[in-house]
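K.L.:
Below is final_34.json; it holds JSON, C-alpha atoms.
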[["chain", "number", "residue", "atom", "x", "y", "z"],
["G", 1, "MET", "CA", -21.46, -22.58, -2.54],
["G", 2, "ASN", "CA", -23.73, -25.38, -1.30],
["G", 3, "GLN", "CA", -27.49, -25.63, -1.84],
["G", 4, "THR", "CA", -28.37, -24.04, 1.50],
["G", 5, "GLU", "CA", -26.01, -21.10, 0.90],
["G", 6, "THR", "CA", -27.43, -20.64, -2.61],
["G", 7, "LYS", "CA", -30.96, -20.40, -1.22],
["G", 8, "GLU", "CA", -29.89, -17.95, 1.48],
["G", 9, "THR", "CA", -28.10, -15.77, -1.08],
["G", 10, "SER", "CA", -31.13, -15.74, -3.39],
["G", 11, "ASN", "CA", -33.17, -14.45, -0.44],
["G", 12, "VAL", "CA", -30.66, -11.62, 0.18],
["G", 13, "PHE", "CA", -30.37, -10.75, -3.53],
["G", 14, "PRO", "CA", -33.74, -11.53, -5.15],
["G", 15, "THR", "CA", -34.32, -11.04, -8.87],
["G", 16, "SER", "CA", -34.89, -7.40, -9.82],
["G", 17, "ASP", "CA", -34.94, -5.10, -12.83],
["G", 18, "PRO", "CA", -31.36, -4.68, -14.10],
["G", 19, "MET", "CA", -29.20, -2.25, -12.19],
["G", 20, "PRO", "CA", -26.85, -0.03, -14.24],
["G", 21, "SER", "CA", -23.17, -0.77, -14.67],
["G", 22, "PHE", "CA", -20.63, 2.06, -14.59],
["G", 23, "PHE", "CA", -17.06, 2.78, -15.53],
["G", 24, "LEU", "CA", -16.05, 5.88, -13.57],
["G", 25, "GLY", "CA", -12.99, 7.97, -14.37],
["G", 26, "HIS", "CA", -11.68, 8.66, -10.88],
["G", 27, "GLY", "CA", -8.69, 10.92, -11.59],
["G", 28, "SER", "CA", -6.86, 12.46, -8.64],
["G", 29, "PRO", "CA", -7.61, 11.24, -5.10],
["G", 30, "MET", "CA", -8.35, 14.89, -4.32],
["G", 31, "ASN", "CA", -11.65, 14.47, -6.15],
["G", 32, "ALA", "CA", -12.79, 12.76, -2.96],
["G", 33, "ILE", "CA", -12.83, 16.09, -1.09],
["G", 34, "GLU", "CA", -12.91, 18.77, -3.79],
["G", 35, "GLU", "CA", -15.89, 20.21, -5.64],
["G", 36, "ASN", "CA", -15.65, 20.24, -9.43],
["G", 37, "GLU", "CA", -17.66, 19.30, -12.50],
["G", 38, "PHE", "CA", -16.48, 15.69, -12.40],
["G", 39, "VAL", "CA", -17.61, 15.25, -8.81],
["G", 40, "ASP", "CA", -20.95, 16.79, -9.81],
["G", 41, "GLY", "CA", -21.24, 14.33, -12.69],
["G", 42, "ILE", "CA", -20.76, 11.37, -10.36],
["G", 43, "ARG", "CA", -23.03, 12.82, -7.69],
["G", 44, "ASP", "CA", -25.81, 13.24, -10.27],
["G", 45, "LEU", "CA", -25.98, 9.46, -10.67],
["G", 46, "THR", "CA", -27.85, 9.31, -7.37],
["G", 47, "LYS", "CA", -30.83, 10.98, -9.05],
["G", 48, "GLN", "CA", -30.91, 8.49, -11.92],
["G", 49, "ILE", "CA", -30.65, 5.05, -10.38],
["G", 50, "PRO", "CA", -32.53, 3.04, -7.75],
["G", 51, "LYS", "CA", -30.71, 2.28, -4.52],
["G", 52, "PRO", "CA", -28.90, -1.06, -4.91],
["G", 53, "LYS", "CA", -28.80, -3.95, -2.47],
["G", 54, "ALA", "CA", -25.00, -3.78, -2.64],
["G", 55, "ILE", "CA", -22.14, -2.54, -4.82],
["G", 56, "LEU", "CA", -19.45, -4.64, -6.47],
["G", 57, "CYS", "CA", -16.44, -2.46, -7.30],
["G", 58, "ILE", "CA", -13.47, -3.24, -9.53],
["G", 59, "SER", "CA", -10.73, -0.69, -8.88],
["G", 60, "ALA", "CA", -7.52, 0.09, -10.74],
["G", 61, "HIS", "CA", -5.81, 0.08, -7.35],
["G", 62, "TRP", "CA", -6.27, -3.56, -6.37],
["G", 63, "VAL", "CA", -4.11, -5.74, -8.60],
["G", 64, "THR", "CA", -3.20, -9.16, -7.23],
["G", 65, "ASP", "CA", -1.67, -12.55, -7.95],
["G", 66, "GLY", "CA", -4.94, -14.42, -8.41],
["G", 67, "THR", "CA", -8.48, -13.07, -8.07],
["G", 68, "PHE", "CA", -9.87, -12.07, -4.68],
["G", 69, "VAL", "CA", -13.10, -10.62, -3.34],
["G", 70, "THR", "CA", -13.41, -8.77, -0.03],
["G", 71, "ALA", "CA", -15.54, -10.77, 2.40],
["G", 72, "MET", "CA", -15.32, -8.90, 5.71],
["G", 73, "GLU", "CA", -18.28, -7.35, 7.51],
["G", 74, "ASN", "CA", -16.62, -3.94, 7.92],
["G", 75, "PRO", "CA", -13.97, -3.15, 5.28],
["G", 76, "PRO", "CA", -11.43, -0.51, 6.33],
["G", 77, "THR", "CA", -10.87, 2.68, 4.34],
["G", 78, "ILE", "CA", -7.47, 2.37, 2.65],
["G", 79, "HIS", "CA", -5.45, 5.52, 1.97],
["G", 80, "ASP", "CA", -3.25, 4.02, -0.75],
["G", 81, "PHE", "CA", -1.45, 7.19, -1.85],
["G", 82, "GLY", "CA", 1.11, 9.69, -0.65],
["G", 83, "GLY", "CA", 1.90, 13.39, -0.80],
["G", 84, "PHE", "CA", -1.64, 14.65, -0.27],
["G", 85, "PRO", "CA", -3.00, 16.87, 2.55],
["G", 86, "LYS", "CA", -4.00, 15.44, 5.91],
["G", 87, "THR", "CA", -7.65, 16.24, 5.22],
["G", 88, "LEU", "CA", -7.65, 13.54, 2.53],
["G", 89, "PHE", "CA", -6.06, 10.98, 4.86],
["G", 90, "ASP", "CA", -8.68, 11.83, 7.46],
["G", 91, "VAL", "CA", -11.52, 10.72, 5.18],
["G", 92, "GLN", "CA", -13.24, 7.53, 6.29],
["G", 93, "TYR", "CA", -15.90, 5.73, 4.28],
["G", 94, "PRO", "CA", -17.43, 3.24, 6.72],
["G", 95, "ALA", "CA", -19.68, 1.35, 4.30],
["G", 96, "PRO", "CA", -20.43, -2.19, 5.44],
["G", 97, "GLY", "CA", -19.17, -5.17, 3.51],
["G", 98, "SER", "CA", -21.26, -8.08, 2.30],
["G", 99, "PRO", "CA", -19.95, -11.60, 2.87],
["G", 100, "GLU", "CA", -23.10, -12.81, 1.09],
["G", 101, "LEU", "CA", -22.21, -10.90, -2.07],
["G", 102, "ALA", "CA", -18.61, -12.11, -1.84],
["G", 103, "LYS", "CA", -19.84, -15.72, -1.83],
["G", 104, "LEU", "CA", -22.25, -14.97, -4.68],
["G", 105, "VAL", "CA", -19.36, -13.62, -6.76],
["G", 106, "GLN", "CA", -17.45, -16.81, -6.02],
["G", 107, "SER", "CA", -20.38, -18.88, -7.25],
["G", 108, "VAL", "CA", -21.04, -17.02, -10.52],
["G", 109, "VAL", "CA", -17.41, -16.79, -11.67],
["G", 110, "LYS", "CA", -16.49, -20.08, -13.33],
["G", 111, "SER", "CA", -13.43, -19.09, -15.38],
["G", 112, "GLN", "CA", -11.24, -18.33, -12.33],
["G", 113, "ASN", "CA", -10.94, -19.48, -8.76],
["G", 114, "VAL", "CA", -12.05, -16.45, -6.77],
["G", 115, "LYS", "CA", -10.74, -16.48, -3.20],
["G", 116, "LEU", "CA", -12.25, -14.67, -0.22],
["G", 117, "ASP", "CA", -10.13, -11.84, 1.18],
["G", 118, "PHE", "CA", -10.28, -10.53, 4.76],
["G", 119, "GLU", "CA", -7.42, -8.00, 4.67],
["G", 120, "TRP", "CA", -7.85, -5.43, 1.87],
["G", 121, "GLY", "CA", -10.89, -3.19, 2.39],
["G", 122, "LEU", "CA", -11.87, -0.22, 0.20],
["G", 123, "ASP", "CA", -9.07, 1.56, -1.69],
["G", 124, "HIS", "CA", -9.35, 5.09, -3.02],
["G", 125, "GLY", "CA", -10.38, 3.89, -6.47],
["G", 126, "ALA", "CA", -13.54, 2.68, -4.75],
["G", 127, "TRP", "CA", -14.36, 5.06, -1.90],
["G", 128, "SER", "CA", -13.32, 8.31, -3.61],
["G", 129, "VAL", "CA", -16.12, 7.89, -6.15],
["G", 130, "ILE", "CA", -18.72, 5.87, -4.22],
["G", 131, "LYS", "CA", -18.76, 8.44, -1.39],
["G", 132, "HIS", "CA", -20.24, 10.98, -3.81],
["G", 133, "ILE", "CA", -23.05, 8.63, -4.88],
["G", 134, "TYR", "CA", -23.91, 7.31, -1.41],
["G", 135, "PRO", "CA", -22.45, 9.82, 1.08],
["G", 136, "GLN", "CA", -24.18, 8.12, 4.03],
["G", 137, "ALA", "CA", -22.13, 4.95, 3.41],
["G", 138, "ASP", "CA", -25.33, 2.97, 3.79],
["G", 139, "VAL", "CA", -24.89, 0.58, 0.84],
["G", 140, "PRO", "CA", -22.65, -2.50, 1.33],
["G", 141, "VAL", "CA", -19.53, -2.45, -0.84],
["G", 142, "VAL", "CA", -17.43, -5.41, -1.97],
["G", 143, "GLN", "CA", -14.26, -5.13, -4.04],
["G", 144, "LEU", "CA", -13.05, -7.61, -6.65],
["G", 145, "SER", "CA", -9.34, -7.63, -7.47],
["G", 146, "MET", "CA", -7.76, -7.90, -10.92],
["G", 147, "ASP", "CA", -5.28, -10.73, -11.48],
["G", 148, "TYR", "CA", -2.15, -9.26, -13.06],
["G", 149, "LYS", "CA", -1.38, -12.60, -14.75],
["G", 150, "SER", "CA", -4.70, -12.66, -16.62],
["G", 151, "SER", "CA", -4.94, -11.43, -20.21],
["G", 152, "PRO", "CA", -7.41, -8.73, -21.27],
["G", 153, "GLU", "CA", -9.48, -11.52, -22.84],
["G", 154, "GLN", "CA", -9.63, -13.31, -19.49],
["G", 155, "HIS", "CA", -10.64, -10.15, -17.64],
["G", 156, "PHE", "CA", -13.41, -9.57, -20.19],
["G", 157, "GLN", "CA", -14.63, -13.17, -19.83],
["G", 158, "LEU", "CA", -14.74, -12.86, -16.04],
["G", 159, "ALA", "CA", -16.76, -9.65, -16.41],
["G", 160, "LYS", "CA", -19.34, -11.45, -18.57],
["G", 161, "GLU", "CA", -19.84, -13.91, -15.73],
["G", 162, "LEU", "CA", -20.63, -11.01, -13.39],
["G", 163, "ALA", "CA", -23.42, -9.64, -15.61],
["G", 164, "PRO", "CA", -26.26, -11.68, -13.97],
["G", 165, "LEU", "CA", -25.56, -9.90, -10.67],
["G", 166, "ARG", "CA", -27.13, -6.80, -12.18],
["G", 167, "THR", "CA", -30.51, -8.54, -12.12],
["G", 168, "GLN", "CA", -30.11, -9.25, -8.40],
["G", 169, "GLY", "CA", -29.96, -5.66, -7.21],
["G", 170, "ILE", "CA", -26.16, -5.35, -7.48],
["G", 171, "LEU", "CA", -24.68, -2.10, -8.81],
["G", 172, "ILE", "CA", -21.37, -2.79, -10.59],
["G", 173, "ILE", "CA", -18.87, 0.06, -10.54],
["G", 174, "ALA", "CA", -15.49, -0.16, -12.25],
["G", 175, "SER", "CA", -13.07, 2.66, -11.46],
["G", 176, "GLY", "CA", -10.03, 3.77, -13.45],
["G", 177, "ASN", "CA", -9.20, 6.11, -16.33],
["G", 178, "ILE", "CA", -9.22, 5.45, -20.07],
["G", 179, "VAL", "CA", -6.19, 7.66, -20.69],
["G", 180, "HIS", "CA", -3.80, 7.62, -17.73],
["G", 181, "ASN", "CA", -0.14, 8.55, -18.09],
["G", 182, "LEU", "CA", 1.19, 10.31, -14.99],
["G", 183, "ARG", "CA", 4.68, 10.61, -16.47],
["G", 184, "MET", "CA", 3.34, 12.82, -19.26],
["G", 185, "VAL", "CA", 0.93, 14.89, -17.17],
["G", 186, "ALA", "CA", 1.17, 18.66, -17.53],
["G", 187, "TRP", "CA", 1.39, 19.36, -13.80],
["G", 188, "ASP", "CA", 1.05, 23.12, -14.37],
["G", 189, "ARG", "CA", -2.40, 22.43, -15.89],
["G", 190, "LEU", "CA", -3.54, 19.85, -13.33],
["G", 191, "ASN", "CA", -6.84, 21.58, -12.63],
["G", 192, "GLU", "CA", -7.57, 22.51, -16.25],
["G", 193, "VAL", "CA", -9.75, 20.80, -18.82],
["G", 194, "TYR", "CA", -6.95, 20.17, -21.28],
["G", 195, "GLY", "CA", -5.75, 17.21, -23.33],
["G", 196, "PHE", "CA", -2.81, 16.54, -25.60],
["G", 197, "ASP", "CA", -3.83, 15.71, -29.18],
["G", 198, "TRP", "CA", -2.79, 12.07, -28.84],
["G", 199, "ALA", "CA", -4.81, 11.69, -25.62],
["G", 200, "LEU", "CA", -7.93, 13.14, -27.23],
["G", 201, "ASP", "CA", -7.47, 10.93, -30.29],
["G", 202, "VAL", "CA", -7.12, 7.72, -28.26],
["G", 203, "ASN", "CA", -10.04, 8.61, -26.03],
["G", 204, "GLN", "CA", -12.27, 9.21, -29.06],
["G", 205, "LYS", "CA", -11.26, 5.98, -30.77],
["G", 206, "ILE", "CA", -12.04, 4.01, -27.61],
["G", 207, "LYS", "CA", -15.43, 5.70, -27.33],
["G", 208, "ASP", "CA", -16.15, 4.85, -30.97],
["G", 209, "TRP", "CA", -15.28, 1.19, -30.37],
["G", 210, "ILE", "CA", -17.52, 1.14, -27.30],
["G", 211, "SER", "CA", -20.43, 2.59, -29.28],
["G", 212, "LYS", "CA", -19.90, 0.06, -32.10],
["G", 213, "GLU", "CA", -19.46, -2.82, -29.62],
["G", 214, "ASP", "CA", -16.09, -3.53, -31.24],
["G", 215, "TYR", "CA", -14.85, -5.44, -28.22],
["G", 216, "GLN", "CA", -11.94, -7.08, -30.03],
["G", 217, "SER", "CA", -10.35, -3.69, -30.70],
["G", 218, "LEU", "CA", -10.91, -2.76, -27.05],
["G", 219, "ILE", "CA", -9.43, -6.02, -25.80],
["G", 220, "GLN", "CA", -6.44, -5.93, -28.17],
["G", 221, "ILE", "CA", -5.45, -2.50, -26.95],
["G", 222, "ARG", "CA", -1.72, -3.20, -27.42],
["G", 223, "ASN", "CA", -2.11, -3.57, -31.20],
["G", 224, "HIS", "CA", -2.94, 0.05, -32.06],
["G", 225, "GLY", "CA", 0.38, 1.88, -32.14],
["G", 226, "LYS", "CA", 2.41, 4.51, -30.33],
["G", 227, "GLU", "CA", -0.42, 6.83, -29.28],
["G", 228, "PHE", "CA", -2.06, 3.98, -27.35],
["G", 229, "GLU", "CA", 1.26, 3.16, -25.68],
["G", 230, "TRP", "CA", 1.42, 6.77, -24.47],
["G", 231, "ALA", "CA", -2.22, 6.82, -23.39],
["G", 232, "ILE", "CA", -2.18, 3.43, -21.65],
["G", 233, "PRO", "CA", 1.42, 2.75, -20.56],
["G", 234, "THR", "CA", 0.24, 0.25, -17.95],
["G", 235, "ALA", "CA", -2.99, -1.72, -17.95],
["G", 236, "GLU", "CA", -4.41, -1.29, -14.45],
["G", 237, "HIS", "CA", -6.41, 1.92, -15.06],
["G", 238, "TYR", "CA", -7.74, 0.67, -18.42],
["G", 239, "LEU", "CA", -8.78, -2.87, -17.48],
["G", 240, "PRO", "CA", -11.72, -1.76, -15.29],
["G", 241, "LEU", "CA", -13.34, -0.46, -18.50],
["G", 242, "LEU", "CA", -13.40, -4.04, -19.82],
["G", 243, "TYR", "CA", -15.17, -5.13, -16.63],
["G", 244, "THR", "CA", -17.96, -2.63, -17.27],
["G", 245, "LEU", "CA", -18.28, -3.55, -20.95],
["G", 246, "GLY", "CA", -18.30, -7.27, -20.14],
["G", 247, "THR", "CA", -21.40, -6.78, -17.99],
["G", 248, "LYS", "CA", -23.41, -5.28, -20.87],
["G", 249, "LEU", "CA", -26.93, -6.64, -21.31],
["G", 250, "ASN", "CA", -28.78, -6.71, -24.65],
["G", 251, "SER", "CA", -31.30, -4.24, -23.22],
["G", 252, "ASP", "CA", -28.67, -1.64, -22.29],
["G", 253, "THR", "CA", -28.22, 1.82, -23.69],
["G", 254, "VAL", "CA", -24.61, 3.07, -23.61],
["G", 255, "SER", "CA", -23.90, 6.68, -22.68],
["G", 256, "PHE", "CA", -20.87, 8.78, -21.74],
["G", 257, "PHE", "CA", -20.49, 11.49, -19.12],
["G", 258, "ASN", "CA", -17.64, 13.50, -17.52],
["G", 259, "ASP", "CA", -16.18, 13.19, -21.00],
["G", 260, "LYS", "CA", -13.27, 15.62, -20.70],
["G", 261, "PRO", "CA", -9.46, 15.52, -20.38],
["G", 262, "VAL", "CA", -7.43, 17.02, -17.56],
["G", 263, "ALA", "CA", -3.73, 17.90, -17.31],
["G", 264, "GLY", "CA", -2.98, 16.76, -20.84],
["G", 265, "ALA", "CA", -2.55, 13.04, -20.25],
["G", 266, "LEU", "CA", -5.65, 12.00, -18.28],
["G", 267, "THR", "CA", -9.27, 11.61, -19.34],
["G", 268, "MET", "CA", -12.20, 11.52, -16.95],
["G", 269, "THR", "CA", -14.54, 9.89, -19.50],
["G", 270, "SER", "CA", -17.08, 7.68, -17.76],
["G", 271, "VAL", "CA", -19.44, 5.08, -19.20],
["G", 272, "GLN", "CA", -22.98, 4.14, -18.19],
["G", 273, "LEU", "CA", -24.77, 0.95, -19.23],
["G", 274, "ASP", "CA", -28.43, 1.18, -18.32],
["G", 275, "SER", "CA", -31.51, -0.73, -19.45],
["G", 276, "GLN", "CA", -33.77, 1.89, -17.85],
["G", 277, "LEU", "CA", -32.60, 4.59, -20.28],
["G", 278, "ASN", "CA", -34.39, 2.95, -23.23]]
Go ahead and render the structure in this file as structure tokens.
P.N.:
Amino acid sequence: MNQTETKETSNVFPTSDPMPSFFLGHGSPMNAIEENEFVDGIRDLTKQIPKPKAILCISAHWVTDGTFVTAMENPPTIHDFGGFPKTLFDVQYPAPGSPELAKLVQSVVKSQNVKLDFEWGLDHGAWSVIKHIYPQADVPVVQLSMDYKSSPEQHFQLAKELAPLRTQGILIIASGNIVHNLRMVAWDRLNEVYGFDWALDVNQKIKDWISKEDYQSLIQIRNHGKEFEWAIPTAEHYLPLLYTLGTKLNSDTVSFFNDKPVAGALTMTSVQLDSQLN
């Protein structure tokens, strides 16, 4: 970004009090159109936070070779799932994009070469939760992809570089699930608050590490034994949590909400970092 672009971006995103940073457990895509306690928990965020200039979202559902940021004016709504009712495929979330924010992300990330993307849009990891916070789709949304070749340490470092955006009116939302094993889901209990013992144990240990700021244990998630292999068989739904934690400011209070399991092998636990809660 050249000097002129830097000045223009600073005008669009002036310095502000820190915006919160969230990790949201998104669960089933059906949460986009159903009413339940988890949807209520996300919707309640609207009452707690000021309206941002824009949203930067890191979703479990955009994993790429390299790191990309959406830079189009009008990102399409992506229905990246199958086997759900037509009413879910009919949902559109026409939030504008923000090429200015995309370029700002490029400028603040030094550890990786972030490329502009003009093809992706908003996947369900993004729009299925953001639509409950800003149902009018009147806040620009930009998505940042996760490079599948990067280590957890590298993802966490990139997240640290995003932290200053919070003081420029940018709301950072990472979307995934702490415990996410679809192969072990109890499908007959899909709509029940229910967790297998190992899922509850892993979820609690991760919460404890978050509260203690034990980031090394959270980063080295593959070093903790069989229960963690069951709870996190693949990384894509867990890594967004590291993006939220990497954006933590010294002034932040950490809190949890929607902290319940569903269908045995999923947890909806969500994390809020917020300097205004002190």
K.L.:
For the interface of stretch 123-175 of chain G with stretch 27-39 of chain G (cut-off 7 Å, counting all atoms listed in the file), please tabulate each contacting residue of stretch 123-175 of chain G alongside its nearest pair of atoms and their separation in Å to one decimal, rows sorted by chain and increasing number, as a tab-separated table.
P.N.:
residue	atom	partner	partner_atom	distance
G:His124	CA	G:Pro29	CA	6.7
G:Ser128	CA	G:Ala32	CA	4.5
G:Val129	CA	G:Ala32	CA	6.7
K.L.:
Please list as a PyMOL selection string every residue within 9 Å of G:Ser211, counting all atoms listed in the file and excluding residues in the same chain fewer than 5 positions away.
P.N.:
chain G and resi 206+254-255
K.L.:
For atom CA of G:Asp208 and atom CA of G:Ser275, determine how far apart the two atoms are, in Å to one decimal place.
P.N.:
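Computed distance, atom CA of G:Asp208 to atom CA of G:Ser275, equals 20.0 Å.
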K.L.:
Here is a test: counting all atoms listed in the file, which residue of G:Ser98, G:Gln157, G:Gln272, G:Ser175 is nearest to G:Ala54?
P.N.:
G:Ser98
K.L.:
Using only C-alpha atoms, which protein or nucleic acid residues come within 7 Å of stretch 137-148 of chain G? Drop anything in the same chain fewer than 4 positions from it, and give the result as a PDB file with C-alpha atoms, keeping the file's coordinate frame.
P.N.:
ATOM      1  CA  LYS G  53     -28.800  -3.950  -2.470  1.00  0.00           C
ATOM      2  CA  ALA G  54     -25.000  -3.780  -2.640  1.00  0.00           C
ATOM      3  CA  ILE G  55     -22.140  -2.540  -4.820  1.00  0.00           C
ATOM      4  CA  LEU G  56     -19.450  -4.640  -6.470  1.00  0.00           C
ATOM      5  CA  CYS G  57     -16.440  -2.460  -7.300  1.00  0.00           C
ATOM      6  CA  ILE G  58     -13.470  -3.240  -9.530  1.00  0.00           C
ATOM      7  CA  TRP G  62      -6.270  -3.560  -6.370  1.00  0.00           C
ATOM      8  CA  VAL G  63      -4.110  -5.740  -8.600  1.00  0.00           C
ATOM      9  CA  THR G  64      -3.200  -9.160  -7.230  1.00  0.00           C
ATOM     10  CA  ASP G  65      -1.670 -12.550  -7.950  1.00  0.00           C
ATOM     11  CA  GLY G  66      -4.940 -14.420  -8.410  1.00  0.00           C
ATOM     12  CA  THR G  67      -8.480 -13.070  -8.070  1.00  0.00           C
ATOM     13  CA  PHE G  68      -9.870 -12.070  -4.680  1.00  0.00           C
ATOM     14  CA  VAL G  69     -13.100 -10.620  -3.340  1.00  0.00           C
ATOM     15  CA  THR G  70     -13.410  -8.770  -0.030  1.00  0.00           C
ATOM     16  CA  TYR G  93     -15.900   5.730   4.280  1.00  0.00           C
ATOM     17  CA  PRO G  94     -17.430   3.240   6.720  1.00  0.00           C
ATOM     18  CA  ALA G  95     -19.680   1.350   4.300  1.00  0.00           C
ATOM     19  CA  PRO G  96     -20.430  -2.190   5.440  1.00  0.00           C
ATOM     20  CA  GLY G  97     -19.170  -5.170   3.510  1.00  0.00           C
ATOM     21  CA  SER G  98     -21.260  -8.080   2.300  1.00  0.00           C
ATOM     22  CA  ALA G 102     -18.610 -12.110  -1.840  1.00  0.00           C
ATOM     23  CA  LEU G 122     -11.870  -0.220   0.200  1.00  0.00           C
ATOM     24  CA  LYS G 131     -18.760   8.440  -1.390  1.00  0.00           C
TER      25      LYS G 131
END
K.L.:
With all atoms listed in the file as the atoms that count, which of G:Gln136, G:Ala199, G:Glu153, G:Ile49 lies nearest to G:Ser217?
P.N.:
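Closest residue, counting all atoms listed in the file: G:Glu153.
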K.L.:
Given the choices G:Thr253, G:Gln106, G:Thr267, G:Ser150, which gets closest to G:Leu182 if the distance is worked out from only C-alpha atoms?
P.N.:
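Nearest candidate to G:Leu182 out of G:Thr253, G:Gln106, G:Thr267, G:Ser150: G:Thr267.
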